[in-house]
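For reference, query_31.cif is printed below; it contains mmCIF, C-alpha atoms (C1' of nucleotides).
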data_run
#
loop_
_atom_site.label_atom_id
_atom_site.label_comp_id
_atom_site.auth_asym_id
_atom_site.auth_seq_id
_atom_site.Cartn_x
_atom_site.Cartn_y
_atom_site.Cartn_z
CA MET A 1 98.37 91.14 -23.10
CA SER A 2 102.01 90.85 -24.13
CA ALA A 3 104.07 93.77 -22.86
CA ALA A 4 104.37 93.47 -19.10
CA VAL A 5 104.56 96.84 -17.50
CA GLY A 6 106.43 98.11 -14.51
CA LEU A 7 105.48 100.16 -11.55
CA ASP A 8 107.07 103.56 -11.85
CA SER A 9 110.38 103.85 -13.67
CA ARG A 10 111.21 102.81 -17.23
CA LEU A 11 107.73 103.49 -18.45
CA THR A 12 107.54 103.81 -22.18
CA ASP A 13 105.22 105.88 -24.30
CA ASP A 14 102.94 103.02 -25.20
CA THR A 15 102.17 102.32 -21.58
CA HIS A 16 98.63 103.14 -20.76
CA GLU A 17 98.17 106.63 -19.40
CA SER A 18 95.99 105.41 -16.53
CA LEU A 19 98.54 102.99 -15.19
CA ARG A 20 101.25 105.63 -15.22
CA LEU A 21 98.89 108.05 -13.52
CA TRP A 22 98.01 105.54 -10.81
CA LEU A 23 101.66 104.89 -10.03
CA ARG A 24 102.44 108.59 -9.75
CA LEU A 25 99.42 109.15 -7.55
CA LEU A 26 100.53 106.35 -5.27
CA THR A 27 104.13 107.55 -5.16
CA CYS A 28 103.14 111.11 -4.28
CA SER A 29 100.76 109.89 -1.60
CA HIS A 30 103.43 107.72 -0.03
CA LEU A 31 106.03 110.47 -0.11
CA ILE A 32 103.75 112.96 1.59
CA GLU A 33 102.43 110.38 4.02
CA ASN A 34 105.96 109.40 5.00
CA HIS A 35 106.91 113.02 5.54
CA VAL A 36 103.87 113.79 7.67
CA ARG A 37 104.23 110.58 9.66
CA LYS A 38 107.82 111.39 10.55
CA ALA A 39 106.94 114.96 11.49
CA LEU A 40 104.00 113.89 13.66
CA SER A 41 106.21 111.38 15.40
CA ALA A 42 109.10 113.78 15.94
CA GLN A 43 107.15 116.83 17.04
CA PHE A 44 104.09 115.35 18.72
CA LYS A 45 104.94 111.72 19.49
CA THR A 46 101.80 110.59 17.71
CA THR A 47 100.86 108.73 14.54
CA LEU A 48 99.04 109.55 11.33
CA PRO A 49 95.99 107.32 11.98
CA ARG A 50 95.52 108.89 15.41
CA PHE A 51 95.82 112.36 13.97
CA ASP A 52 93.37 111.52 11.20
CA LEU A 53 90.83 110.14 13.63
CA MET A 54 91.06 113.24 15.80
CA ALA A 55 90.68 115.39 12.67
CA GLN A 56 87.43 113.60 11.85
CA LEU A 57 86.10 114.24 15.35
CA GLU A 58 87.19 117.88 15.31
CA ARG A 59 84.95 118.40 12.30
CA ALA A 60 82.02 116.62 13.95
CA PRO A 61 81.53 118.21 17.39
CA GLN A 62 78.33 116.22 17.91
CA GLY A 63 80.43 113.05 17.88
CA LEU A 64 80.69 110.15 15.46
CA GLN A 65 79.79 106.48 15.65
CA MET A 66 82.52 103.88 15.19
CA GLY A 67 81.04 102.83 11.87
CA GLU A 68 80.92 106.39 10.64
CA LEU A 69 84.60 106.82 11.49
CA SER A 70 85.31 103.61 9.60
CA ARG A 71 83.52 104.84 6.49
CA ARG A 72 85.09 108.29 6.56
CA MET A 73 88.61 107.05 7.11
CA LEU A 74 88.26 104.27 4.54
CA VAL A 75 89.49 101.61 6.92
CA THR A 76 87.80 98.59 8.46
CA GLY A 77 85.87 98.63 11.72
CA GLY A 78 88.32 96.54 13.69
CA ASN A 79 90.96 99.08 12.93
CA ILE A 80 88.87 101.88 14.37
CA THR A 81 88.32 99.91 17.57
CA GLY A 82 92.09 99.74 18.12
CA ILE A 83 92.81 103.40 17.44
CA VAL A 84 89.87 104.57 19.53
CA ASP A 85 91.03 102.33 22.39
CA GLN A 86 94.43 104.01 22.42
CA LEU A 87 93.19 107.57 22.12
CA GLU A 88 90.66 106.90 24.85
CA ARG A 89 93.35 105.45 27.12
CA ALA A 90 95.35 108.63 26.48
CA GLY A 91 92.37 110.73 27.54
CA LEU A 92 92.04 112.49 24.19
CA ILE A 93 88.64 111.10 23.22
CA VAL A 94 85.68 109.40 24.91
CA ARG A 95 83.12 106.78 23.94
CA THR A 96 79.69 108.09 24.91
CA GLU A 97 76.75 105.70 25.15
CA ASP A 98 73.65 106.37 23.12
CA PRO A 99 70.55 105.69 25.22
CA SER A 100 68.36 105.27 22.15
CA ASP A 101 70.52 102.49 20.65
CA ARG A 102 72.63 100.46 23.00
CA ARG A 103 74.78 98.99 20.24
CA VAL A 104 76.20 102.39 19.42
CA TYR A 105 78.98 104.57 20.78
CA LEU A 106 79.25 108.25 20.03
CA VAL A 107 82.93 109.11 20.00
CA LYS A 108 83.96 112.66 20.89
CA LEU A 109 87.11 114.66 21.54
CA THR A 110 87.75 115.59 25.15
CA LYS A 111 88.76 119.11 26.07
CA GLU A 112 92.39 117.98 26.24
CA GLY A 113 91.94 116.22 22.89
CA ARG A 114 90.68 119.41 21.28
CA ARG A 115 93.55 121.36 22.78
CA GLN A 116 96.20 118.93 21.53
CA PHE A 117 94.58 118.62 18.13
CA ALA A 118 94.50 122.37 17.64
CA SER A 119 98.24 122.72 18.05
CA MET A 120 98.94 119.74 15.79
CA ALA A 121 96.53 120.87 13.09
CA ALA A 122 98.20 124.24 12.70
CA GLU A 123 101.60 122.62 12.23
CA HIS A 124 100.17 119.96 9.95
CA GLU A 125 98.64 122.50 7.64
CA SER A 126 101.91 124.37 7.32
CA TRP A 127 103.76 121.17 6.42
CA ILE A 128 101.27 120.45 3.67
CA VAL A 129 101.41 123.97 2.30
CA GLN A 130 105.20 123.65 2.23
CA LEU A 131 105.13 120.33 0.42
CA PHE A 132 102.87 121.68 -2.32
CA ALA A 133 104.64 125.03 -2.45
CA GLY A 134 106.18 124.41 -5.88
CA ILE A 135 102.85 123.78 -7.58
CA PRO A 136 101.06 126.97 -8.66
CA LYS A 137 97.66 127.62 -7.07
CA ARG A 138 96.00 127.47 -10.47
CA GLU A 139 97.34 123.99 -11.04
CA GLN A 140 96.42 122.91 -7.55
CA ARG A 141 92.86 123.97 -8.23
CA ALA A 142 92.80 122.01 -11.49
CA LEU A 143 94.24 118.93 -9.81
CA ASN A 144 91.72 119.29 -7.03
CA GLU A 145 88.87 119.50 -9.47
CA THR A 146 89.89 116.39 -11.37
CA LEU A 147 90.52 114.40 -8.20
CA SER A 148 87.14 115.43 -6.91
CA ARG A 149 85.49 113.94 -9.98
CA LEU A 150 87.66 110.84 -9.73
CA ARG A 151 86.64 110.37 -6.14
CA ALA A 152 82.96 110.75 -6.97
CA GLN A 153 83.35 108.12 -9.63
CA LEU A 154 85.24 105.72 -7.44
CA THR A 155 82.60 105.85 -4.72
CA ARG A 156 79.64 105.57 -7.06
CA GLU A 157 77.72 102.32 -7.59
CA LYS A 158 79.81 100.07 -5.39
CA PRO A 159 78.84 96.50 -4.25
CA MET B 160 84.16 98.16 4.37
CA SER B 161 81.57 100.08 2.47
CA ALA B 162 81.37 102.87 -0.04
CA ALA B 163 82.64 105.83 1.80
CA VAL B 164 82.15 109.46 2.34
CA GLY B 165 85.89 109.92 2.35
CA LEU B 166 88.44 111.95 4.17
CA ASP B 167 87.57 115.27 2.69
CA SER B 168 83.90 115.73 3.31
CA ARG B 169 82.61 118.79 5.12
CA LEU B 170 85.55 121.00 4.22
CA THR B 171 84.61 124.60 4.01
CA ASP B 172 85.70 127.15 1.46
CA ASP B 173 88.22 128.82 3.67
CA THR B 174 90.30 125.68 3.96
CA HIS B 175 93.59 126.09 2.25
CA GLU B 176 93.80 124.76 -1.27
CA SER B 177 96.84 122.58 -0.53
CA LEU B 178 95.24 120.89 2.43
CA ARG B 179 92.11 120.12 0.46
CA LEU B 180 94.24 118.81 -2.37
CA TRP B 181 96.21 116.56 -0.04
CA LEU B 182 93.06 115.05 1.42
CA ARG B 183 91.63 114.35 -2.03
CA LEU B 184 94.88 112.79 -3.16
CA LEU B 185 94.91 110.56 -0.12
CA THR B 186 91.26 109.60 -0.51
CA CYS B 187 91.67 108.65 -4.16
CA SER B 188 94.79 106.63 -3.38
CA HIS B 189 93.05 104.74 -0.61
CA LEU B 190 89.98 104.04 -2.73
CA ILE B 191 92.03 102.63 -5.59
CA GLU B 192 94.36 100.78 -3.25
CA ASN B 193 91.42 99.16 -1.48
CA HIS B 194 89.89 98.13 -4.77
CA VAL B 195 93.12 96.62 -6.10
CA ARG B 196 93.87 94.88 -2.82
CA LYS B 197 90.48 93.19 -2.79
CA ALA B 198 90.80 92.16 -6.42
CA LEU B 199 94.30 90.75 -5.94
CA SER B 200 93.09 88.81 -2.94
CA ALA B 201 89.96 87.48 -4.62
CA GLN B 202 91.43 86.56 -7.99
CA PHE B 203 95.02 85.67 -7.14
CA LYS B 204 95.14 85.04 -3.39
CA THR B 205 97.96 87.52 -3.04
CA THR B 206 98.55 90.96 -1.57
CA LEU B 207 99.43 94.40 -2.87
CA PRO B 208 102.93 94.59 -1.35
CA ARG B 209 103.83 91.22 -2.84
CA PHE B 210 102.49 92.25 -6.21
CA ASP B 211 104.41 95.54 -6.02
CA LEU B 212 107.64 93.81 -5.14
CA MET B 213 107.27 91.38 -8.03
CA ALA B 214 106.51 94.30 -10.33
CA GLN B 215 109.78 95.94 -9.33
CA LEU B 216 111.68 92.75 -10.11
CA GLU B 217 109.89 92.22 -13.42
CA ARG B 218 111.31 95.53 -14.58
CA ALA B 219 114.81 94.69 -13.40
CA PRO B 220 115.70 91.32 -14.89
CA GLN B 221 119.29 91.69 -13.65
CA GLY B 222 117.92 91.59 -10.10
CA LEU B 223 117.70 94.18 -7.33
CA GLN B 224 119.36 94.52 -3.96
CA MET B 225 117.22 94.63 -0.82
CA GLY B 226 118.11 98.27 -0.28
CA GLU B 227 117.18 99.18 -3.82
CA LEU B 228 113.78 97.51 -3.37
CA SER B 229 113.36 99.49 -0.17
CA ARG B 230 114.09 102.79 -1.92
CA ARG B 231 111.88 102.08 -4.91
CA MET B 232 108.93 100.89 -2.86
CA LEU B 233 109.26 103.75 -0.36
CA VAL B 234 109.21 101.40 2.62
CA THR B 235 111.82 100.52 5.23
CA GLY B 236 114.39 97.76 4.89
CA GLY B 237 112.97 95.51 7.58
CA ASN B 238 109.72 95.44 5.71
CA ILE B 239 111.42 94.26 2.52
CA THR B 240 113.10 91.43 4.42
CA GLY B 241 109.68 90.12 5.47
CA ILE B 242 108.04 90.29 2.06
CA VAL B 243 111.07 88.78 0.33
CA ASP B 244 111.07 85.95 2.89
CA GLN B 245 107.50 85.07 2.02
CA LEU B 246 107.84 85.29 -1.73
CA GLU B 247 111.01 83.22 -1.55
CA ARG B 248 109.27 80.60 0.57
CA ALA B 249 106.56 80.50 -2.10
CA GLY B 250 109.18 79.90 -4.79
CA LEU B 251 108.37 83.07 -6.72
CA ILE B 252 111.69 84.87 -6.16
CA VAL B 253 115.25 83.98 -5.09
CA ARG B 254 118.03 85.69 -3.16
CA THR B 255 121.23 85.38 -5.20
CA GLU B 256 124.60 86.03 -3.58
CA ASP B 257 126.87 88.65 -5.07
CA PRO B 258 130.46 87.35 -5.12
CA SER B 259 131.88 90.87 -5.34
CA ASP B 260 130.17 92.11 -2.16
CA ARG B 261 129.21 89.53 0.37
CA ARG B 262 126.86 91.85 2.27
CA VAL B 263 124.54 92.01 -0.72
CA TYR B 264 121.74 89.87 -2.11
CA LEU B 265 120.50 90.20 -5.63
CA VAL B 266 116.80 89.38 -5.64
CA LYS B 267 115.27 87.97 -8.82
CA LEU B 268 112.01 86.48 -10.04
CA THR B 269 112.02 82.75 -10.64
CA LYS B 270 110.53 81.35 -13.81
CA GLU B 271 107.35 80.53 -11.90
CA GLY B 272 107.40 84.05 -10.44
CA ARG B 273 107.56 85.58 -13.90
CA ARG B 274 104.77 83.36 -15.08
CA GLN B 275 102.48 84.25 -12.20
CA PHE B 276 103.31 87.93 -12.40
CA ALA B 277 102.51 88.10 -16.10
CA SER B 278 98.97 86.90 -15.60
CA MET B 279 98.41 89.22 -12.64
CA ALA B 280 99.86 92.27 -14.39
CA ALA B 281 97.49 91.99 -17.32
CA GLU B 282 94.48 91.88 -15.02
CA HIS B 283 95.86 94.65 -12.86
CA GLU B 284 96.27 96.98 -15.78
CA SER B 285 92.70 96.45 -16.88
CA TRP B 286 91.40 97.21 -13.38
CA ILE B 287 93.27 100.50 -13.34
CA VAL B 288 92.10 101.50 -16.80
CA GLN B 289 88.55 100.79 -15.64
CA LEU B 290 88.88 102.85 -12.50
CA PHE B 291 90.12 105.89 -14.43
CA ALA B 292 87.72 105.36 -17.31
CA GLY B 293 85.62 108.42 -16.54
CA ILE B 294 88.53 110.87 -16.65
CA PRO B 295 89.32 112.06 -20.18
CA LYS B 296 92.77 111.19 -21.55
CA ARG B 297 93.61 114.87 -21.85
CA GLU B 298 92.96 115.41 -18.15
CA GLN B 299 94.82 112.28 -17.20
CA ARG B 300 97.85 113.60 -19.05
CA ALA B 301 97.61 116.95 -17.26
CA LEU B 302 97.25 115.28 -13.88
CA ASN B 303 100.17 113.06 -14.70
CA GLU B 304 102.32 116.01 -15.63
CA THR B 305 101.58 117.89 -12.44
CA LEU B 306 102.10 114.83 -10.25
CA SER B 307 105.39 114.18 -11.98
CA ARG B 308 106.61 117.63 -11.00
CA LEU B 309 105.26 117.20 -7.49
CA ARG B 310 107.10 113.92 -7.15
CA ALA B 311 110.36 115.45 -8.36
CA GLN B 312 109.97 118.19 -5.82
CA LEU B 313 109.17 115.86 -2.96
CA THR B 314 112.20 113.70 -3.62
CA ARG B 315 114.64 116.57 -4.15
CA GLU B 316 117.25 117.54 -1.54
CA LYS B 317 116.38 114.86 0.97
CA PRO B 318 118.74 113.08 3.46
"C1'" DG C 319 147.82 97.25 8.42
"C1'" DT C 320 144.84 98.13 12.09
"C1'" DA C 321 141.02 100.85 13.92
"C1'" DA C 322 137.03 103.59 13.03
"C1'" DT C 323 133.34 104.40 10.11
"C1'" DT C 324 130.01 103.36 6.79
"C1'" DT C 325 126.94 100.29 4.35
"C1'" DA C 326 123.75 96.02 3.66
"C1'" DG C 327 120.72 93.33 5.62
"C1'" DT C 328 118.20 91.17 9.67
"C1'" DT C 329 115.83 91.05 14.07
"C1'" DG C 330 112.63 92.44 17.78
"C1'" DA C 331 109.18 95.42 19.71
"C1'" DT C 332 105.20 97.93 18.71
"C1'" DA C 333 101.60 99.71 15.87
"C1'" DC C 334 98.44 99.62 11.85
"C1'" DT C 335 95.50 96.96 8.74
"C1'" DT C 336 92.41 93.47 6.82
"C1'" DA C 337 89.17 89.64 6.82
"C1'" DA C 338 86.43 86.65 9.14
"C1'" DA C 339 84.23 85.03 13.17
"C1'" DC C 340 82.06 86.51 17.13
"C1'" DT C 341 78.59 89.07 20.77
"C1'" DA C 342 74.97 92.09 21.58
"C1'" DT C 343 71.19 94.75 20.10
"C1'" DT C 344 67.66 96.29 17.01
"C1'" DT C 345 64.39 95.62 13.25
"C1'" DA C 346 61.44 92.88 10.32
"C1'" DA C 347 58.69 88.81 9.45
"C1'" DA C 348 55.90 84.85 10.53
"C1'" DT D 349 55.22 87.23 19.93
"C1'" DT D 350 58.58 84.43 18.75
"C1'" DT D 351 61.86 83.93 15.27
"C1'" DA D 352 64.81 85.45 11.61
"C1'" DA D 353 67.61 88.88 9.65
"C1'" DA D 354 70.24 92.94 9.78
"C1'" DT D 355 73.28 96.24 12.15
"C1'" DA D 356 77.09 98.01 15.55
"C1'" DG D 357 81.00 96.97 17.51
"C1'" DT D 358 84.83 93.77 19.14
"C1'" DT D 359 88.11 90.07 18.79
"C1'" DT D 360 91.48 87.12 16.56
"C1'" DA D 361 95.03 85.71 13.29
"C1'" DA D 362 98.02 86.92 9.80
"C1'" DG D 363 100.23 90.32 6.98
"C1'" DT D 364 102.35 94.92 6.62
"C1'" DA D 365 104.82 98.83 8.49
"C1'" DT D 366 108.00 101.69 11.43
"C1'" DC D 367 112.07 102.38 14.27
"C1'" DA D 368 115.97 101.14 16.79
"C1'" DA D 369 119.37 97.85 17.83
"C1'" DC D 370 122.02 94.38 15.98
"C1'" DT D 371 125.59 91.39 12.82
"C1'" DA D 372 128.57 91.18 9.07
"C1'" DA D 373 131.22 93.03 5.46
"C1'" DA D 374 133.47 96.78 2.98
"C1'" DT D 375 135.70 101.51 3.13
"C1'" DT D 376 138.20 105.09 4.99
"C1'" DA D 377 141.62 107.13 8.01
"C1'" DC D 378 145.47 106.98 10.38
#
Let's see the structure in the file written out as structure tokens.
Amino acid sequence: MSAAVGLDSRLTDDTHESLRLWLRLLTCSHLIENHVRKALSAQFKTTLPRFDLMAQLERAPQGLQMGELSRRMLVTGGNITGIVDQLERAGLIVRTEDPSDRRVYLVKLTKEGRRQFASMAAEHESWIVQLFAGIPKREQRALNETLSRLRAQLTREKP
Amino acid sequence: MSAAVGLDSRLTDDTHESLRLWLRLLTCSHLIENHVRKALSAQFKTTLPRFDLMAQLERAPQGLQMGELSRRMLVTGGNITGIVDQLERAGLIVRTEDPSDRRVYLVKLTKEGRRQFASMAAEHESWIVQLFAGIPKREQRALNETLSRLRAQLTREKP
DNA sequence: GTAATTTAGTTGATACTTAAACTATTTAAA
DNA sequence: TTTAAATAGTTTAAGTATCAACTAAATTAC
């Protein structure tokens, strides 16, 4: 392959569509992530990974195993251990033992965790709505539909 | 890490469109990022940030300042210092002094850096094309167009 | 022309992340 | 049943990331 290609600026017409798309996707993700991270830090003195983990638990009131958190958040298990440790130390979540399988923890939000998450989630949603405000709902739906198919494809038939 | 359910499972219909869109965007980014990171590690014993930094330099043969790398890669300056240190130690890039402004370094690829990047870039592009293979070109163009507008919006009127 | 401010880059502390090696438990096989 | 294999979670080392505090150099203001 002769023409070496760059990451996001100076892309010419002959550049493959997919590569350009990937770079835009990555750029948009980083921009939004950076915005949300700063806002979470400024307004709630917390971090994005902690917020994400609490969001997972909020949606699973029965609790989630460490491995399930790892799969849902797309990060490795060791990572989950660290974040859970911190949130547990802060009293926002608890590891519950499973009597039927002693290798397993069921992680759940505490009452205080649910309370704090509720106030953060409302703010978080309004930030996101703001950030996407310039994109018409119709287009957002189309984007959503395509990304949904992309995601299905990316998770299919893996090692 | 295994094939994952993803960040956006179990969302109900009443969830706002923008929030759902954001979670899908993030999930797709992470899935592709994870794939590329593993491939870079397995085939070239390198990392995504190092590859990204070299890609920036490949497109700027005149060299880039540390601060310009920071802005383009959407990461903080201290981070750039660390990655540049490593790539320089490996002989793939060099810090060049700018006689007209002694605070500044101009960072450039070495000959060996260009050589290594060329072989990685070709592979990288083929991975990306593969990952997007199931999305029709027409849709990729539409997605690209929307993301381009989103990006413009997200970067407008900032600090 | 000197002082104050801004800009470029680095450093240090802390947190996030991966991969690989590890412990403990459960399941399957012999 | 004893052993082997698989699974759940943790630990460790190294890389990546932020932010805030720092040094050095260039600009601006007076």
Inset, instruction - Please determine the contact residues of chain D with respect to chain B at a cut-off of 12 Å, counting only C-alpha atoms (C1' of nucleotides), and supply them as a PyMOL selection string. - result: chain D and resi 363-368+371-374
After a least-squares superposition on chain B using every in-order C-alpha pair, I'd like chain A written out as a compact mmCIF listing (two decimals) with C-alpha atoms, in the frame of the given file.
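Listing of out08.txt after writing:
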# COMPACT_ATOMS: atom_id res chain seq x y z
CA MET A 1 92.77 127.25 14.06
CA SER A 2 89.06 127.24 14.85
CA ALA A 3 87.07 125.32 12.26
CA ALA A 4 87.88 121.64 12.62
CA VAL A 5 87.70 119.90 9.32
CA GLY A 6 86.59 116.45 8.35
CA LEU A 7 88.05 113.78 6.20
CA ASP A 8 86.00 113.48 3.06
CA SER A 9 82.30 114.29 3.23
CA ARG A 10 80.65 117.52 4.36
CA LEU A 11 83.52 119.63 3.18
CA THR A 12 82.61 123.25 2.82
CA ASP A 13 83.94 125.83 0.43
CA ASP A 14 86.24 127.46 2.93
CA THR A 15 88.08 124.23 3.54
CA HIS A 16 91.57 124.39 2.23
CA GLU A 17 91.92 123.05 -1.29
CA SER A 18 94.96 120.96 -0.37
CA LEU A 19 93.24 119.08 2.39
CA ARG A 20 90.30 118.23 0.16
CA LEU A 21 92.70 117.15 -2.56
CA TRP A 22 94.63 114.90 -0.18
CA LEU A 23 91.47 113.17 0.98
CA ARG A 24 90.31 112.52 -2.57
CA LEU A 25 93.72 111.22 -3.54
CA LEU A 26 93.69 108.85 -0.60
CA THR A 27 90.14 107.69 -1.27
CA CYS A 28 90.85 106.96 -4.93
CA SER A 29 94.02 105.11 -4.05
CA HIS A 30 92.22 102.96 -1.51
CA LEU A 31 89.36 102.19 -3.87
CA ILE A 32 91.67 101.08 -6.64
CA GLU A 33 93.95 99.23 -4.26
CA ASN A 34 91.01 97.35 -2.79
CA HIS A 35 89.77 96.41 -6.23
CA VAL A 36 93.15 95.17 -7.41
CA ARG A 37 93.80 93.31 -4.17
CA LYS A 38 90.53 91.42 -4.46
CA ALA A 39 91.15 90.60 -8.12
CA LEU A 40 94.70 89.38 -7.46
CA SER A 41 93.43 87.21 -4.65
CA ALA A 42 90.51 85.78 -6.62
CA GLN A 43 92.26 85.13 -9.91
CA PHE A 44 95.84 84.44 -8.87
CA LYS A 45 95.74 83.62 -5.15
CA THR A 46 98.37 86.26 -4.48
CA THR A 47 98.63 89.64 -2.79
CA LEU A 48 99.34 93.19 -3.88
CA PRO A 49 102.72 93.52 -2.10
CA ARG A 50 103.92 90.28 -3.70
CA PHE A 51 102.77 91.43 -7.10
CA ASP A 52 104.43 94.80 -6.64
CA LEU A 53 107.71 93.24 -5.62
CA MET A 54 107.69 90.95 -8.64
CA ALA A 55 106.88 93.96 -10.84
CA GLN A 56 109.97 95.73 -9.53
CA LEU A 57 112.14 92.72 -10.34
CA GLU A 58 110.60 92.29 -13.78
CA ARG A 59 111.81 95.77 -14.63
CA ALA A 60 115.30 95.08 -13.28
CA PRO A 61 116.52 91.85 -14.90
CA GLN A 62 119.97 92.33 -13.38
CA GLY A 63 118.40 91.92 -9.95
CA LEU A 64 117.86 94.30 -7.05
CA GLN A 65 119.26 94.53 -3.55
CA MET A 66 116.89 94.33 -0.59
CA GLY A 67 117.50 97.98 0.22
CA GLU A 68 116.79 99.03 -3.32
CA LEU A 69 113.47 97.17 -3.22
CA SER A 70 112.70 98.93 0.04
CA ARG A 71 113.36 102.36 -1.45
CA ARG A 72 111.42 101.70 -4.64
CA MET A 73 108.40 100.25 -2.91
CA LEU A 74 108.38 102.94 -0.22
CA VAL A 75 108.24 100.43 2.60
CA THR A 76 110.69 99.56 5.36
CA GLY A 77 113.43 96.97 5.06
CA GLY A 78 111.94 94.49 7.49
CA ASN A 79 108.88 94.37 5.35
CA ILE A 80 110.89 93.44 2.29
CA THR A 81 112.58 90.62 4.18
CA GLY A 82 109.17 89.05 4.88
CA ILE A 83 107.81 89.34 1.36
CA VAL A 84 111.03 88.09 -0.21
CA ASP A 85 111.03 85.13 2.19
CA GLN A 86 107.59 84.08 1.01
CA LEU A 87 108.20 84.55 -2.69
CA GLU A 88 111.46 82.66 -2.37
CA ARG A 89 109.74 79.80 -0.54
CA ALA A 90 107.23 79.72 -3.41
CA GLY A 91 110.08 79.44 -5.90
CA LEU A 92 109.22 82.66 -7.71
CA ILE A 93 112.36 84.60 -6.82
CA VAL A 94 115.88 83.88 -5.55
CA ARG A 95 118.39 85.64 -3.32
CA THR A 96 121.74 85.60 -5.10
CA GLU A 97 124.93 86.29 -3.15
CA ASP A 98 127.21 89.07 -4.27
CA PRO A 99 130.84 87.95 -4.02
CA SER A 100 132.11 91.52 -3.93
CA ASP A 101 130.01 92.49 -0.88
CA ARG A 102 128.94 89.74 1.44
CA ARG A 103 126.32 91.86 3.18
CA VAL A 104 124.28 92.09 0.01
CA TYR A 105 121.73 89.92 -1.74
CA LEU A 106 120.77 90.40 -5.35
CA VAL A 107 117.15 89.37 -5.68
CA LYS A 108 115.94 88.06 -9.04
CA LEU A 109 112.86 86.48 -10.57
CA THR A 110 113.14 82.79 -11.38
CA LYS A 111 111.97 81.47 -14.72
CA GLU A 112 108.72 80.35 -13.09
CA GLY A 113 108.44 83.77 -11.43
CA ARG A 114 108.76 85.52 -14.77
CA ARG A 115 106.19 83.19 -16.29
CA GLN A 116 103.65 83.77 -13.51
CA PHE A 117 104.27 87.49 -13.45
CA ALA A 118 103.71 87.82 -17.18
CA SER A 119 100.22 86.37 -16.99
CA MET A 120 99.32 88.48 -13.96
CA ALA A 121 100.70 91.69 -15.43
CA ALA A 122 98.55 91.45 -18.53
CA GLU A 123 95.41 91.03 -16.45
CA HIS A 124 96.48 93.73 -14.03
CA GLU A 125 96.94 96.26 -16.78
CA SER A 126 93.49 95.57 -18.17
CA TRP A 127 91.91 96.07 -14.74
CA ILE A 128 93.60 99.43 -14.40
CA VAL A 129 92.61 100.55 -17.87
CA GLN A 130 89.03 99.58 -17.02
CA LEU A 131 89.04 101.48 -13.75
CA PHE A 132 90.23 104.68 -15.42
CA ALA A 133 88.06 104.16 -18.49
CA GLY A 134 85.72 107.05 -17.68
CA ILE A 135 88.49 109.64 -17.53
CA PRO A 136 89.46 111.03 -20.95
CA LYS A 137 93.05 110.42 -22.07
CA ARG A 138 93.69 114.15 -22.17
CA GLU A 139 92.72 114.48 -18.54
CA GLN A 140 94.72 111.43 -17.58
CA ARG A 141 97.77 113.03 -19.14
CA ALA A 142 97.18 116.26 -17.23
CA LEU A 143 96.69 114.39 -13.96
CA ASN A 144 99.82 112.40 -14.66
CA GLU A 145 101.82 115.53 -15.29
CA THR A 146 100.73 117.21 -12.08
CA LEU A 147 101.29 114.08 -10.00
CA SER A 148 104.73 113.73 -11.49
CA ARG A 149 105.63 117.21 -10.27
CA LEU A 150 104.06 116.50 -6.89
CA ARG A 151 106.10 113.36 -6.55
CA ALA A 152 109.31 115.16 -7.45
CA GLN A 153 108.55 117.73 -4.81
CA LEU A 154 107.69 115.21 -2.15
CA THR A 155 110.94 113.33 -2.64
CA ARG A 156 113.14 116.41 -2.79
CA GLU A 157 115.25 117.59 0.15
CA LYS A 158 114.18 115.00 2.68
CA PRO A 159 115.91 114.34 6.09
Inset, instruction - Could you list the residues chosen by the PyMOL selection byres ((chain A) within 8 of (chain B)) in this structure as a ChimeraX atom specification? - result: /A:1,4-7,10,16-22,24-32,56,59,70-77,125,128-129,131-132,134-135,137,139-141,143-144,146-151,153-156,158
Identify every residue of chain C that has at least one atom within 10 Å of any atom of chain B, counting all atoms listed in the file, and report the result as an mmCIF file with C-alpha atoms (C1' of nucleotides), in the frame of the given file.
data_model
loop_
_atom_site.group_PDB
_atom_site.id
_atom_site.type_symbol
_atom_site.label_atom_id
_atom_site.label_comp_id
_atom_site.auth_asym_id
_atom_site.auth_seq_id
_atom_site.Cartn_x
_atom_site.Cartn_y
_atom_site.Cartn_z
ATOM 1 C "C1'" DT C 325 126.940 100.290 4.350
ATOM 2 C "C1'" DA C 326 123.750 96.020 3.660
ATOM 3 C "C1'" DG C 327 120.720 93.330 5.620
ATOM 4 C "C1'" DT C 328 118.200 91.170 9.670
ATOM 5 C "C1'" DT C 329 115.830 91.050 14.070
ATOM 6 C "C1'" DT C 336 92.410 93.470 6.820
#
Legend entry - Selection as a VMD selection string: residues within 10 Å of (110.5, 85.7, -10.2), counting all atoms listed in the file: chain B and resid 212 to 214 216 to 217 220 222 246 to 247 250 to 253 266 to 276
Write the residues of the preceding selection, restricted to C-alpha atoms, as a CSV table (one decimal), in the frame of the given file.
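Done, and the output landed in part-v4.csv:
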chain,number,residue,atom,x,y,z
B,212,LEU,CA,107.6,93.8,-5.1
B,213,MET,CA,107.3,91.4,-8.0
B,214,ALA,CA,106.5,94.3,-10.3
B,216,LEU,CA,111.7,92.8,-10.1
B,217,GLU,CA,109.9,92.2,-13.4
B,220,PRO,CA,115.7,91.3,-14.9
B,222,GLY,CA,117.9,91.6,-10.1
B,246,LEU,CA,107.8,85.3,-1.7
B,247,GLU,CA,111.0,83.2,-1.6
B,250,GLY,CA,109.2,79.9,-4.8
B,251,LEU,CA,108.4,83.1,-6.7
B,252,ILE,CA,111.7,84.9,-6.2
B,253,VAL,CA,115.2,84.0,-5.1
B,266,VAL,CA,116.8,89.4,-5.6
B,267,LYS,CA,115.3,88.0,-8.8
B,268,LEU,CA,112.0,86.5,-10.0
B,269,THR,CA,112.0,82.8,-10.6
B,270,LYS,CA,110.5,81.4,-13.8
B,271,GLU,CA,107.4,80.5,-11.9
B,272,GLY,CA,107.4,84.0,-10.4
B,273,ARG,CA,107.6,85.6,-13.9
B,274,ARG,CA,104.8,83.4,-15.1
B,275,GLN,CA,102.5,84.2,-12.2
B,276,PHE,CA,103.3,87.9,-12.4
